[in-house]
>>> print(open('coords28.pdb').read())   # PDB, C-alpha atoms, pLDDT in the B column
ATOM      1  CA  HIS J 467     112.719  55.755  75.245  1.00 60.00           C
ATOM      2  CA  GLY J 468     111.788  54.918  71.658  1.00 67.00           C
ATOM      3  CA  ASN J 469     108.705  54.829  69.427  1.00 74.00           C
ATOM      4  CA  ASN J 470     107.283  57.806  71.324  1.00 76.00           C
ATOM      5  CA  PHE J 471     104.525  58.892  68.980  1.00 79.00           C
ATOM      6  CA  ASP J 472     102.783  55.558  68.496  1.00 85.00           C
ATOM      7  CA  CYS J 473     103.321  54.359  72.052  1.00 85.00           C
ATOM      8  CA  LEU J 474     102.026  57.545  73.681  1.00 86.00           C
ATOM      9  CA  LYS J 475      99.165  58.307  71.285  1.00 92.00           C
ATOM     10  CA  ASN J 476      97.796  54.804  70.869  1.00 94.00           C
ATOM     11  CA  HIS J 477      98.611  53.099  74.152  1.00 94.00           C
ATOM     12  CA  LEU J 478      99.959  54.919  77.195  1.00 92.00           C
ATOM     13  CA  LEU J 479      98.015  58.188  77.125  1.00 95.00           C
ATOM     14  CA  PRO J 480      94.574  56.714  76.320  1.00 98.00           C
ATOM     15  CA  GLU J 481      95.024  54.081  79.044  1.00 98.00           C
ATOM     16  CA  PHE J 482      96.103  56.703  81.566  1.00 97.00           C
ATOM     17  CA  ASP J 483      93.264  59.051  80.579  1.00 98.00           C
ATOM     18  CA  ARG J 484      90.627  56.345  81.023  1.00 98.00           C
ATOM     19  CA  ALA J 485      92.014  55.131  84.344  1.00 98.00           C
ATOM     20  CA  PHE J 486      92.656  58.557  85.873  1.00 98.00           C
ATOM     21  CA  SER J 487      89.320  60.038  84.831  1.00 98.00           C
ATOM     22  CA  ALA J 488      87.518  56.922  86.117  1.00 99.00           C
ATOM     23  CA  LEU J 489      89.318  57.263  89.451  1.00 99.00           C
ATOM     24  CA  ILE J 490      88.328  60.936  89.749  1.00 98.00           C
ATOM     25  CA  GLU J 491      84.709  60.156  88.835  1.00 98.00           C
ATOM     26  CA  ASP J 492      84.579  57.277  91.318  1.00 99.00           C
ATOM     27  CA  LEU J 493      86.014  59.379  94.144  1.00 99.00           C
ATOM     28  CA  GLN J 494      83.580  62.197  93.317  1.00 98.00           C
ATOM     29  CA  GLN J 495      80.566  59.856  93.283  1.00 99.00           C
ATOM     30  CA  ARG J 496      81.575  58.408  96.660  1.00 98.00           C
ATOM     31  CA  GLY J 497      82.111  61.863  98.162  1.00 98.00           C
ATOM     32  CA  LEU J 498      85.814  61.185  98.681  1.00 98.00           C
ATOM     33  CA  LEU J 499      87.445  63.520  96.153  1.00 98.00           C
ATOM     34  CA  ASP J 500      87.615  66.496  98.504  1.00 96.00           C
ATOM     35  CA  GLN J 501      89.556  64.460 101.062  1.00 96.00           C
ATOM     36  CA  THR J 502      91.819  62.638  98.594  1.00 98.00           C
ATOM     37  CA  LEU J 503      94.819  64.192  96.845  1.00 98.00           C
ATOM     38  CA  LEU J 504      95.850  62.593  93.575  1.00 98.00           C
ATOM     39  CA  VAL J 505      99.380  63.351  92.354  1.00 98.00           C
ATOM     40  CA  VAL J 506     100.942  62.188  89.095  1.00 97.00           C
ATOM     41  CA  ASN J 507     104.646  62.952  89.097  1.00 94.00           C
ATOM     42  CA  SER J 508     107.978  61.517  88.049  1.00 88.00           C
ATOM     43  CA  GLU J 509     111.491  61.900  89.329  1.00 83.00           C
ATOM     44  CA  MET J 510     112.399  63.677  86.081  1.00 83.00           C
ATOM     45  CA  GLY J 511     111.021  64.981  82.816  1.00 84.00           C
ATOM     46  CA  ARG J 512     111.937  63.981  79.281  1.00 83.00           C
ATOM     47  CA  THR J 513     113.883  65.947  76.713  1.00 81.00           C
ATOM     48  CA  PRO J 514     111.588  68.266  74.772  1.00 83.00           C
ATOM     49  CA  LYS J 515     113.373  67.374  71.526  1.00 78.00           C
ATOM     50  CA  ILE J 516     112.636  64.060  69.874  1.00 74.00           C
ATOM     51  CA  GLY J 517     114.985  62.508  67.394  1.00 65.00           C
ATOM     52  CA  ASP J 518     118.395  62.266  69.019  1.00 60.00           C
ATOM     53  CA  PRO J 519     119.725  58.891  67.807  1.00 60.00           C
ATOM     54  CA  ARG J 520     121.202  58.334  71.261  1.00 57.00           C
ATOM     55  CA  SER J 521     117.609  58.100  72.528  1.00 54.00           C
ATOM     56  CA  GLY J 522     115.533  55.152  71.473  1.00 53.00           C
ATOM     57  CA  GLY J 523     117.730  53.294  69.082  1.00 52.00           C
ATOM     58  CA  VAL J 524     118.190  53.548  65.347  1.00 53.00           C
ATOM     59  CA  SER J 525     114.957  55.422  64.604  1.00 57.00           C
ATOM     60  CA  GLY J 526     115.981  58.276  66.869  1.00 59.00           C
ATOM     61  CA  ALA J 527     112.363  58.772  67.966  1.00 63.00           C
ATOM     62  CA  GLY J 528     113.177  58.665  71.649  1.00 68.00           C
ATOM     63  CA  ARG J 529     113.542  61.079  74.533  1.00 75.00           C
ATOM     64  CA  ASP J 530     116.158  61.024  77.280  1.00 77.00           C
ATOM     65  CA  HIS J 531     115.957  62.162  80.886  1.00 80.00           C
ATOM     66  CA  TRP J 532     115.550  65.921  81.368  1.00 85.00           C
ATOM     67  CA  THR J 533     115.687  67.454  84.834  1.00 88.00           C
ATOM     68  CA  HIS J 534     115.111  71.071  83.845  1.00 91.00           C
ATOM     69  CA  CYS J 535     111.362  71.072  83.147  1.00 92.00           C
ATOM     70  CA  GLN J 536     108.489  68.654  83.714  1.00 92.00           C
ATOM     71  CA  SER J 537     104.798  68.491  84.500  1.00 94.00           C
ATOM     72  CA  VAL J 538     102.973  67.461  87.656  1.00 96.00           C
ATOM     73  CA  LEU J 539      99.254  66.670  87.765  1.00 97.00           C
ATOM     74  CA  MET J 540      97.245  67.201  90.952  1.00 98.00           C
ATOM     75  CA  ALA J 541      93.544  66.718  91.591  1.00 98.00           C
ATOM     76  CA  GLY J 542      91.203  66.520  94.573  1.00 98.00           C
ATOM     77  CA  ALA J 543      91.733  67.688  98.164  1.00 98.00           C
ATOM     78  CA  GLY J 544      90.358  71.136  97.433  1.00 96.00           C
ATOM     79  CA  ILE J 545      92.442  71.820  94.326  1.00 97.00           C
ATOM     80  CA  GLN J 546      90.440  73.876  91.846  1.00 96.00           C
ATOM     81  CA  GLY J 547      90.216  71.888  88.598  1.00 94.00           C
ATOM     82  CA  GLY J 548      90.915  73.117  85.092  1.00 95.00           C
ATOM     83  CA  GLN J 549      93.937  75.272  85.815  1.00 96.00           C
ATOM     84  CA  THR J 550      97.637  75.365  85.110  1.00 96.00           C
ATOM     85  CA  TYR J 551     100.343  76.898  87.248  1.00 97.00           C
ATOM     86  CA  GLY J 552     103.569  78.122  85.694  1.00 96.00           C
ATOM     87  CA  THR J 553     104.876  78.074  82.162  1.00 96.00           C
ATOM     88  CA  SER J 554     107.911  76.895  80.275  1.00 96.00           C
ATOM     89  CA  ASP J 555     109.789  78.647  77.511  1.00 96.00           C
ATOM     90  CA  ARG J 556     108.445  78.225  73.985  1.00 95.00           C
ATOM     91  CA  LEU J 557     110.437  75.017  73.459  1.00 90.00           C
ATOM     92  CA  GLY J 558     109.418  73.399  76.746  1.00 91.00           C
ATOM     93  CA  GLU J 559     113.033  73.244  77.847  1.00 90.00           C
ATOM     94  CA  TYR J 560     113.147  75.483  80.924  1.00 94.00           C
ATOM     95  CA  PRO J 561     110.653  77.000  83.381  1.00 96.00           C
ATOM     96  CA  GLU J 562     109.650  80.542  82.519  1.00 97.00           C
ATOM     97  CA  GLN J 563     107.019  81.629  85.059  1.00 97.00           C
ATOM     98  CA  HIS J 564     106.601  80.230  88.576  1.00 96.00           C
ATOM     99  CA  PRO J 565     109.419  77.657  88.541  1.00 96.00           C
ATOM    100  CA  LEU J 566     108.943  75.049  91.255  1.00 95.00           C
ATOM    101  CA  THR J 567     111.182  72.686  93.171  1.00 94.00           C
ATOM    102  CA  PRO J 568     110.521  69.204  94.556  1.00 93.00           C
ATOM    103  CA  ALA J 569     110.268  70.869  97.984  1.00 96.00           C
ATOM    104  CA  ASP J 570     107.420  73.077  96.686  1.00 97.00           C
ATOM    105  CA  ILE J 571     105.548  69.973  95.506  1.00 96.00           C
ATOM    106  CA  ALA J 572     106.155  68.242  98.855  1.00 96.00           C
ATOM    107  CA  LYS J 573     104.971  71.289 100.818  1.00 97.00           C
ATOM    108  CA  THR J 574     101.844  71.438  98.624  1.00 98.00           C
ATOM    109  CA  ILE J 575     101.097  67.796  99.411  1.00 98.00           C
ATOM    110  CA  TYR J 576     101.548  68.437 103.139  1.00 97.00           C
ATOM    111  CA  PHE J 577      99.332  71.540 102.862  1.00 97.00           C
ATOM    112  CA  ALA J 578      96.579  69.507 101.165  1.00 97.00           C
ATOM    113  CA  ALA J 579      96.826  66.913 103.941  1.00 96.00           C
ATOM    114  CA  GLY J 580      96.527  69.600 106.613  1.00 95.00           C
ATOM    115  CA  ILE J 581     100.029  68.962 107.932  1.00 95.00           C
ATOM    116  CA  ASP J 582     101.733  72.211 108.844  1.00 91.00           C
ATOM    117  CA  ASP J 583     104.087  71.058 111.585  1.00 92.00           C
ATOM    118  CA  LEU J 584     107.121  69.646 109.812  1.00 94.00           C
ATOM    119  CA  ARG J 585     109.373  69.559 112.859  1.00 94.00           C
ATOM    120  CA  ALA J 586     110.872  66.492 114.476  1.00 95.00           C
ATOM    121  CA  GLN J 587     113.485  65.643 117.073  1.00 95.00           C
ATOM    122  CA  ASP J 588     116.673  63.715 116.529  1.00 96.00           C
ATOM    123  CA  SER J 589     117.856  60.927 118.857  1.00 97.00           C
ATOM    124  CA  GLN J 590     119.348  63.554 121.185  1.00 97.00           C
ATOM    125  CA  GLY J 591     116.044  65.412 121.466  1.00 96.00           C
ATOM    126  CA  ARG J 592     117.208  68.317 119.295  1.00 97.00           C
ATOM    127  CA  PRO J 593     114.544  69.815 117.019  1.00 95.00           C
ATOM    128  CA  TYR J 594     114.998  70.016 113.275  1.00 94.00           C
ATOM    129  CA  ASP J 595     112.814  70.758 110.262  1.00 94.00           C
ATOM    130  CA  LEU J 596     111.877  67.806 108.083  1.00 93.00           C
ATOM    131  CA  LEU J 597     111.587  70.094 105.064  1.00 93.00           C
ATOM    132  CA  ASP J 598     113.378  73.433 105.303  1.00 90.00           C
ATOM    133  CA  ASP J 599     112.889  74.528 101.706  1.00 94.00           C
ATOM    134  CA  GLY J 600     109.847  75.074  99.539  1.00 95.00           C
ATOM    135  CA  GLN J 601     106.514  76.822  99.678  1.00 96.00           C
ATOM    136  CA  ALA J 602     103.062  75.282  99.265  1.00 97.00           C
ATOM    137  CA  ILE J 603     101.344  76.339  96.048  1.00 98.00           C
ATOM    138  CA  THR J 604      98.262  77.641  97.828  1.00 97.00           C
ATOM    139  CA  GLN J 605      96.963  79.300  94.641  1.00 97.00           C
ATOM    140  CA  LEU J 606      95.885  75.855  93.415  1.00 98.00           C
ATOM    141  CA  PHE J 607      93.252  75.521  96.103  1.00 97.00           C
ATOM    142  CA  GLY J 608      89.746  76.922  95.612  1.00 85.00           C
TER     143      GLY J 608
END
>>> encode(input="coords28.pdb", output="structure tokens")
Amino acid sequence: HGNNFDCLKNHLLPEFDRAFSALIEDLQQRGLLDQTLLVVNSEMGRTPKIGDPRSGGVSGAGRDHWTHCQSVLMAGAGIQGGQTYGTSDRLGEYPEQHPLTPADIAKTIYFAAGIDDLRAQDSQGRPYDLLDDGQAITQLFG
């Protein structure tokens, strides 16, 4: 929650970048990238404004939980690289174009895995949908 600039710039992001790019390269070299979906996601985003003293202690250089807008990274499984989908407002606070829901992300993962039957039966044999809401983001796939 605190010391965002130093922690992200000098530690967390470079480590993630090295590890994630190495994983993609390794999967590509082994011919496995097209059949593997990589997803980097969190249960929430972080406030777009840094400096609220309630976040990160005395320095105020922290960021609290923010459920209104966040990023998701997907690679492999036929997803066309080098693209973005959707935008936020100019402050990064709220979705502006193509807002998504967790159900949309889940449906996209199922789509990438080739799973289109999301029906099941309860203990009485009655059918129900495992995921009623959401739409797969098919525009991501090449």
>>> resolve_selection(input="coords28.pdb", expression="the PyMOL selection byres ((chain J and resi 489-502) around 12)", output="mmCIF file with C-alpha atoms, keeping the file's coordinate frame")
data_model
loop_
_atom_site.group_PDB
_atom_site.id
_atom_site.type_symbol
_atom_site.label_atom_id
_atom_site.label_comp_id
_atom_site.auth_asym_id
_atom_site.auth_seq_id
_atom_site.Cartn_x
_atom_site.Cartn_y
_atom_site.Cartn_z
ATOM 1 C CA PHE J 482 96.103 56.703 81.566
ATOM 2 C CA ASP J 483 93.264 59.051 80.579
ATOM 3 C CA ARG J 484 90.627 56.345 81.023
ATOM 4 C CA ALA J 485 92.014 55.131 84.344
ATOM 5 C CA PHE J 486 92.656 58.557 85.873
ATOM 6 C CA SER J 487 89.320 60.038 84.831
ATOM 7 C CA ALA J 488 87.518 56.922 86.117
ATOM 8 C CA LEU J 503 94.819 64.192 96.845
ATOM 9 C CA LEU J 504 95.850 62.593 93.575
ATOM 10 C CA VAL J 505 99.380 63.351 92.354
ATOM 11 C CA MET J 540 97.245 67.201 90.952
ATOM 12 C CA ALA J 541 93.544 66.718 91.591
ATOM 13 C CA GLY J 542 91.203 66.520 94.573
ATOM 14 C CA ALA J 543 91.733 67.688 98.164
ATOM 15 C CA GLY J 544 90.358 71.136 97.433
ATOM 16 C CA ILE J 545 92.442 71.820 94.326
ATOM 17 C CA GLN J 546 90.440 73.876 91.846
ATOM 18 C CA GLY J 547 90.216 71.888 88.598
ATOM 19 C CA ILE J 575 101.097 67.796 99.411
ATOM 20 C CA ALA J 578 96.579 69.507 101.165
ATOM 21 C CA ALA J 579 96.826 66.913 103.941
ATOM 22 C CA GLY J 580 96.527 69.600 106.613
ATOM 23 C CA PHE J 607 93.252 75.521 96.103
ATOM 24 C CA GLY J 608 89.746 76.922 95.612
#
>>> atom_distance(input="coords28.pdb", atom1="atom CA of J:Thr550", atom2="atom CA of J:Glu509")
19.8 Å
>>> closest_atom_pairs(input="coords28.pdb", of="stretch 523-578 of chain J", to="stretch 596-605 of chain J", cutoff="9 Å", atoms="all atoms listed in the file", output="CSV")
residue,atom,partner,partner_atom,distance
J:Ile545,CA,J:Gln605,CA,8.7
J:Gln546,CA,J:Gln605,CA,8.9
J:Tyr551,CA,J:Gln605,CA,8.5
J:Leu566,CA,J:Gly600,CA,8.3
J:Thr567,CA,J:Gly600,CA,6.9
J:Pro568,CA,J:Gly600,CA,7.7
J:Ala569,CA,J:Gly600,CA,4.5
J:Asp570,CA,J:Gly600,CA,4.2
J:Ile571,CA,J:Ala602,CA,7.0
J:Ala572,CA,J:Ala602,CA,7.7
J:Lys573,CA,J:Ala602,CA,4.7
J:Thr574,CA,J:Ala602,CA,4.1
J:Ile575,CA,J:Ala602,CA,7.7
J:Tyr576,CA,J:Ala602,CA,8.0
J:Phe577,CA,J:Ala602,CA,6.4
J:Ala578,CA,J:Ala602,CA,8.9
>>> atom_distance(input="coords28.pdb", atom1="atom CA of J:Leu478", atom2="atom CA of J:Ser508")
15.0 Å
>>> atom_distance(input="coords28.pdb", atom1="atom CA of J:Leu474", atom2="atom CA of J:Glu559")
19.6 Å
>>> closest_residue(input="coords28.pdb", among="J:Thr533, J:Gln587, J:Gly548, J:Asp582", to="J:Pro561", atoms="all atoms listed in the file")
J:Thr533
>>> closest_residue(input="coords28.pdb", among="J:His534, J:Arg529, J:Pro565, J:Asp583", to="J:Asn469", atoms="all atoms listed in the file")
J:Arg529
>>> closest_residue(input="coords28.pdb", among="J:Cys473, J:Ile581, J:Cys535, J:Ala586", to="J:Arg556", atoms="all atoms listed in the file")
J:Cys535
>>> axis_aligned_box(input="coords28.pdb", around="stretch 535-547 of chain J", padding_each_side="3 Å", output="JSON")
{"center_x": 100.8, "center_y": 70.2, "center_z": 90.7, "size_x": 27.1, "size_y": 13.4, "size_z": 21.0}
>>> resolve_selection(input="coords28.pdb", expression="the PyMOL selection byres ((chain J and resi 512) around 8)", output="ChimeraX atom specification")
/J:510-511,513-514,529-533,536
>>> residues_around(input="coords28.pdb", residues="J:Val506", least_positions_apart="3", cutoff="9 Å", atoms="only C-alpha atoms", output="list in words")
Ser537, Val538, Leu539 and Met540 of chain J
>>> build_atoms(input="coords28.pdb", residues="stretch 541-557 of chain J", atoms="N, CA and C atoms", output="JSON list (two decimals), in the frame of the given file")
[["chain", "number", "residue", "atom", "x", "y", "z"],
["J", 541, "ALA", "N", 95.00, 66.61, 91.59],
["J", 541, "ALA", "CA", 93.54, 66.72, 91.59],
["J", 541, "ALA", "C", 93.03, 66.33, 92.97],
["J", 542, "GLY", "N", 91.84, 66.85, 93.30],
["J", 542, "GLY", "CA", 91.20, 66.52, 94.57],
["J", 542, "GLY", "C", 91.71, 67.38, 95.71],
["J", 543, "ALA", "N", 91.29, 67.04, 96.92],
["J", 543, "ALA", "CA", 91.73, 67.69, 98.16],
["J", 543, "ALA", "C", 91.60, 69.20, 98.14],
["J", 544, "GLY", "N", 90.58, 69.70, 97.46],
["J", 544, "GLY", "CA", 90.36, 71.14, 97.43],
["J", 544, "GLY", "C", 91.05, 71.87, 96.31],
["J", 545, "ILE", "N", 91.80, 71.17, 95.47],
["J", 545, "ILE", "CA", 92.44, 71.82, 94.33],
["J", 545, "ILE", "C", 91.37, 72.17, 93.31],
["J", 546, "GLN", "N", 91.38, 73.41, 92.86],
["J", 546, "GLN", "CA", 90.44, 73.88, 91.85],
["J", 546, "GLN", "C", 90.83, 73.26, 90.51],
["J", 547, "GLY", "N", 89.92, 72.55, 89.87],
["J", 547, "GLY", "CA", 90.22, 71.89, 88.60],
["J", 547, "GLY", "C", 90.32, 72.85, 87.43],
["J", 548, "GLY", "N", 90.87, 72.36, 86.33],
["J", 548, "GLY", "CA", 90.92, 73.12, 85.09],
["J", 548, "GLY", "C", 91.90, 74.26, 85.06],
["J", 549, "GLN", "N", 92.97, 74.17, 85.79],
["J", 549, "GLN", "CA", 93.94, 75.27, 85.82],
["J", 549, "GLN", "C", 95.35, 74.75, 85.59],
["J", 550, "THR", "N", 96.21, 75.65, 85.18],
["J", 550, "THR", "CA", 97.64, 75.36, 85.11],
["J", 550, "THR", "C", 98.36, 76.37, 85.99],
["J", 551, "TYR", "N", 99.54, 76.01, 86.42],
["J", 551, "TYR", "CA", 100.34, 76.90, 87.25],
["J", 551, "TYR", "C", 101.75, 76.88, 86.69],
["J", 552, "GLY", "N", 102.23, 78.02, 86.25],
["J", 552, "GLY", "CA", 103.57, 78.12, 85.69],
["J", 552, "GLY", "C", 103.60, 77.85, 84.20],
["J", 553, "THR", "N", 104.68, 78.28, 83.60],
["J", 553, "THR", "CA", 104.88, 78.07, 82.16],
["J", 553, "THR", "C", 106.34, 77.72, 81.90],
["J", 554, "SER", "N", 106.55, 77.15, 80.74],
["J", 554, "SER", "CA", 107.91, 76.90, 80.28],
["J", 554, "SER", "C", 108.21, 77.86, 79.13],
["J", 555, "ASP", "N", 109.46, 77.85, 78.69],
["J", 555, "ASP", "CA", 109.79, 78.65, 77.51],
["J", 555, "ASP", "C", 109.09, 78.03, 76.30],
["J", 556, "ARG", "N", 109.21, 78.66, 75.16],
["J", 556, "ARG", "CA", 108.44, 78.22, 73.98],
["J", 556, "ARG", "C", 108.83, 76.83, 73.49],
["J", 557, "LEU", "N", 110.00, 76.35, 73.87],
["J", 557, "LEU", "CA", 110.44, 75.02, 73.46],
["J", 557, "LEU", "C", 110.18, 73.95, 74.52]]
